[in-house]
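Enquirer: Please read through the structure below; I'll follow up with questions.
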Amino acid sequence: MASLHFWNEFELKKPPLVTLQVKDTGSAKNVYMAINRYLQQQSRPDFVEFNNTAALIGRLMARRKNSFRGMPGFRAVCKLNGALCRLLRLDLPRDLEHFRGALPDACDAELSGEMPTRNSLEFVLARLLAFYSLHERIRDCCQAAIKYFGQMIRSNFFMEFLTLLIAAVAKINKLSLVQANNCATLYNKLQPQCPKFPQVEKHNFLPEDYKLPTQLQVVKEMQTATPDEASPAGVQLLIQAPSLITKVEKAKQQLKADVGVVVSRETAIPPTKEAFQLSSLATVEDVKHFIVRESKARKKNPENCVTKPIQNHEWLAAKTLFERKLQARDQAKALNIFRKFIGSKI
């Protein structure tokens, strides 16, 4: 019994490309157009981005293989890299170009010509099936890796490396879905044309107990439900448009509204600060009280004190000199020096 997954073999034996004379070449036109459209899609920027992102994942895996080799998520990345490498070895565009080159140049239902055998078309279908299955494995590995690394990044483990890795894996998953859908579309177009190709007797590419699937499923991207779909029983909420209000109606509404009475407000006059009088320092006791009061004011509220223009070292020197003169029992000189100092600064 032949293996049901023979198309997944690395060295799948390619049947010889043989052409036979047929009377009707109309089916070759549809095959040629489908293959040509698919090959044109391979030149899009998405295909180039897929290859670049796959190379980036390979470099990230090689750089961190010693640090993360025991983690389940990293093993999923290794499997993902293996599937990407196998996808590169598959080289589906090369097989499609070879088969397209064997198709007749002029294709019409009334024209006869040489067409490749059914074995060659079945080989192309087997390659498409392998390509589609590899992309399924790629998406499975992407989901497994994202699930594990998403849990790690929530715990702030390896934040910088995992952010880049998750972005690359998510991009591969998205582009893989696009390529798989393109492959499924091509397969679904080529499969119905298979019976129309000539077949060589006693030379069958497919095993006797195996049949290729008649159709491959096109995977749709997950989309968020619209509000209409999310509502139960499809109930649609009707939003009433606001009524139009004219200027006359708006004026009437303003007249009816209680807007109060206009009241004149008097601005509060801030209390005026009394100017400092040097004559208040008439005696030594007045100076002592002034020094105590200003020392407290300079600590608590230096912006509103009387001695604001005086710097700290000058104020300290003036107090020290005043105290020394008092200790020397020269009260008149102490009072005179302090009054002159305050008068020159304020």
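So you can find residues: chains in the structure tokens are A, B, ... in the order shown, residues in each start at 1, and ligands are numbered from 1 in order.
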Need to verify the contact set: Gly101 (chain A), 10 Å, only C-alpha atoms, exclusion of same-chain residues closer than 5 positions in sequence. Can you return it as a PyMOL selection string?
Expert: chain A and resi 32+95-96+116
Enquirer: How about saving the chosen residues, C-alpha atoms kept, as a compact mmCIF listing (two decimals), in the first residue's frame?
Expert:
# COMPACT_ATOMS: atom_id res chain seq x y z
CA TYR A 32 -1.93 28.39 -19.06
CA ASP A 95 7.92 23.21 -11.73
CA LEU A 96 5.11 25.48 -12.87
CA PRO A 116 1.80 17.28 -21.81
Enquirer: Name the residues in contact with region 146-154 of chain A at a cut-off of 7 Å, using only C-alpha atoms, excluding same-chain residues fewer than 4 positions from it; report them as a PyMOL selection string.
Expert: chain A and resi 73+142+159+162+166
Enquirer: Take the residues from that selection and write them out as a PDB file, in the first residue's frame, keeping N, CA and C atoms.
Expert:
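The resulting file, selection.pdb, is reproduced below:
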ATOM      1  N   GLY A  73       8.190  27.121  23.187  1.00  0.00           N
ATOM      2  CA  GLY A  73       7.962  28.102  22.130  1.00  0.00           C
ATOM      3  C   GLY A  73       9.112  28.176  21.152  1.00  0.00           C
ATOM      4  N   CYS A 142       3.424  28.947  13.919  1.00  0.00           N
ATOM      5  CA  CYS A 142       3.329  30.365  14.299  1.00  0.00           C
ATOM      6  C   CYS A 142       2.384  30.548  15.481  1.00  0.00           C
ATOM      7  N   MET A 159      12.104  40.983  26.866  1.00  0.00           N
ATOM      8  CA  MET A 159      11.140  41.868  26.197  1.00  0.00           C
ATOM      9  C   MET A 159      11.626  42.286  24.814  1.00  0.00           C
ATOM     10  N   LEU A 162      11.861  39.154  22.300  1.00  0.00           N
ATOM     11  CA  LEU A 162      10.564  38.550  22.012  1.00  0.00           C
ATOM     12  C   LEU A 162       9.675  39.485  21.206  1.00  0.00           C
ATOM     13  N   ILE A 166       8.114  38.034  17.884  1.00  0.00           N
ATOM     14  CA  ILE A 166       6.656  37.947  17.720  1.00  0.00           C
ATOM     15  C   ILE A 166       6.212  38.715  16.480  1.00  0.00           C
TER      16      ILE A 166
END
Enquirer: Could you pull the residues within 10 Å of Asn336 (chain A), counting only C-alpha atoms, minus those fewer than 2 positions along the same chain, as a list of chain:residue names?
Expert: A:Leu281, A:Ala282, A:Thr283, A:Val284, A:Phe322, A:Gln331, A:Ala332, A:Lys333, A:Ala334, A:Phe338, A:Arg339, A:Lys340, A:Phe341
Enquirer: With C-alpha atoms retained, could you export that selection as a short mmCIF file (atom, residue, chain, number, x, y, z; two decimals), in the first residue's frame?
Expert:
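Output file part.cif is given in full below:
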data_model
loop_
_atom_site.label_atom_id
_atom_site.label_comp_id
_atom_site.auth_asym_id
_atom_site.auth_seq_id
_atom_site.Cartn_x
_atom_site.Cartn_y
_atom_site.Cartn_z
CA LEU A 281 14.74 101.25 64.86
CA ALA A 282 15.20 103.92 67.51
CA THR A 283 16.64 101.83 70.33
CA VAL A 284 18.72 98.73 70.78
CA PHE A 322 25.71 94.04 66.04
CA GLN A 331 25.46 100.21 72.22
CA ALA A 332 25.43 103.55 70.44
CA LYS A 333 27.92 102.40 67.82
CA ALA A 334 26.09 99.07 67.38
CA PHE A 338 23.02 98.52 62.01
CA ARG A 339 20.77 101.47 61.08
CA LYS A 340 23.19 102.59 58.35
CA PHE A 341 23.39 99.04 56.98
#
Enquirer: I'd like the contact shell of Glu49 (chain A) - 10 Å cut-off, only C-alpha atoms, skipping same-chain residues fewer than 5 positions apart - returned as a ChimeraX atom specification.
Expert: /A:44,54-55,171-172,175
Enquirer: Please write the residues from the selection above to a file, keeping C-alpha atoms, as an mmCIF file, in the first residue's frame.
Expert:
data_model
loop_
_atom_site.group_PDB
_atom_site.id
_atom_site.type_symbol
_atom_site.label_atom_id
_atom_site.label_comp_id
_atom_site.auth_asym_id
_atom_site.auth_seq_id
_atom_site.Cartn_x
_atom_site.Cartn_y
_atom_site.Cartn_z
ATOM 1 C CA ARG A 44 4.548 40.999 -5.744
ATOM 2 C CA ALA A 54 11.807 33.967 6.795
ATOM 3 C CA ALA A 55 15.516 34.791 6.619
ATOM 4 C CA LYS A 171 4.118 38.698 9.650
ATOM 5 C CA ILE A 172 5.031 35.213 8.414
ATOM 6 C CA LEU A 175 1.829 36.281 4.429
#
Enquirer: Find the residues near Glu114 (chain A): any atom within 7 Å, counting only C-alpha atoms, skip ones fewer than 2 places away on the same chain, and give them as a ChimeraX atom specification.
Expert: /A:19-22,104,116
Enquirer: Of the candidates A:Met61, A:Leu87, A:Leu111, A:Leu134, which shows the shortest atom-to-atom distance to Thr25 (chain A), using only C-alpha atoms?
Expert: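 Using only C-alpha atoms, Thr25 (chain A) sits closest to A:Leu111.
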Enquirer: So, with only C-alpha atoms as the atoms that count, which of A:Ala297, A:Ala184, A:Leu80, A:Leu121 lies closest to Gln215 (chain A)?
Expert: A:Ala184
Enquirer: According to DSSP computed on the backbone, where in region 99-172 of chain A is there helix (DSSP H, G or I)? Give the residues as a ChimeraX atom specification.
Expert: /A:99-101,118-154,159-172
Enquirer: Distance CA of Leu216 (chain A)-CA of His135 (chain A), one decimal place?
Expert: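 The value is 12.6 Å.
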Enquirer: Would you mind telling me which residue in A:Ala28, A:Leu206, A:Leu321, A:Ala180 lies nearest to Ala102 (chain A) when using only C-alpha atoms?
Expert: A:Ala28
Enquirer: Would you mind listing what lies within 9 Å of Asn30 (chain A) as a list of chain:residue names, with only C-alpha atoms counted and same-chain residues fewer than 4 positions away left out?
Expert: A:Gly26, A:Ala34, A:Ile35, A:Lys189, A:Leu190, A:Gln193
Enquirer: Filtering to C-alpha atoms, could you give me those residues as a PDB file, in the first residue's frame?
Expert:
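New file out-v3.pdb:
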ATOM      1  CA  GLY A  26      -8.972  24.246 -25.498  1.00  0.00           C
ATOM      2  CA  ALA A  34      -4.181  30.118 -14.302  1.00  0.00           C
ATOM      3  CA  ILE A  35      -0.473  29.267 -14.031  1.00  0.00           C
ATOM      4  CA  LYS A 189      -8.609  25.655 -11.218  1.00  0.00           C
ATOM      5  CA  LEU A 190      -6.212  22.939 -12.411  1.00  0.00           C
ATOM      6  CA  GLN A 193      -8.776  20.099 -16.159  1.00  0.00           C
TER       7      GLN A 193
END
Enquirer: Between A:Tyr132, A:Ala145, A:Asp330, A:Gln199, which has the minimum distance to Leu165 (chain A) (counting only C-alpha atoms)?
Expert: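 Closest candidate: A:Ala145.
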Enquirer: Restricting the calculation to only C-alpha atoms, which member of A:Leu326, A:Pro302, A:Ala106, A:Lys14 is positioned closest to Ala126 (chain A)?
Expert: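 The closest residue to Ala126 (chain A) is A:Lys14.
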Enquirer: Nearest to Leu278 (chain A): which of A:Ser344, A:Asn81, A:Asn182, A:Ser133 is it, counting only C-alpha atoms?
Expert: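 Smallest distance to Leu278 (chain A) is found for A:Ser344.
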Enquirer: From a backbone DSSP assignment, name each residue in region 89-153 of chain A labelled strand (DSSP E or B), as a short mmCIF file (atom, residue, chain, number, x, y, z; two decimals) with C-alpha atoms, in the first residue's frame.
Expert:
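The resulting file, result17.cif, is reproduced below:
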data_model
loop_
_atom_site.label_atom_id
_atom_site.label_comp_id
_atom_site.auth_asym_id
_atom_site.auth_seq_id
_atom_site.Cartn_x
_atom_site.Cartn_y
_atom_site.Cartn_z
CA GLY A 113 -1.55 20.22 -30.97
CA GLU A 114 0.80 18.59 -28.52
CA MET A 115 -0.04 18.68 -24.83
CA PRO A 116 1.80 17.28 -21.81
#
Enquirer: Tell me, in Å to one decimal, how far CA of Ala76 (chain A) is from CA of Gly58 (chain A).
Expert: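 These atoms are spaced 12.5 Å apart.
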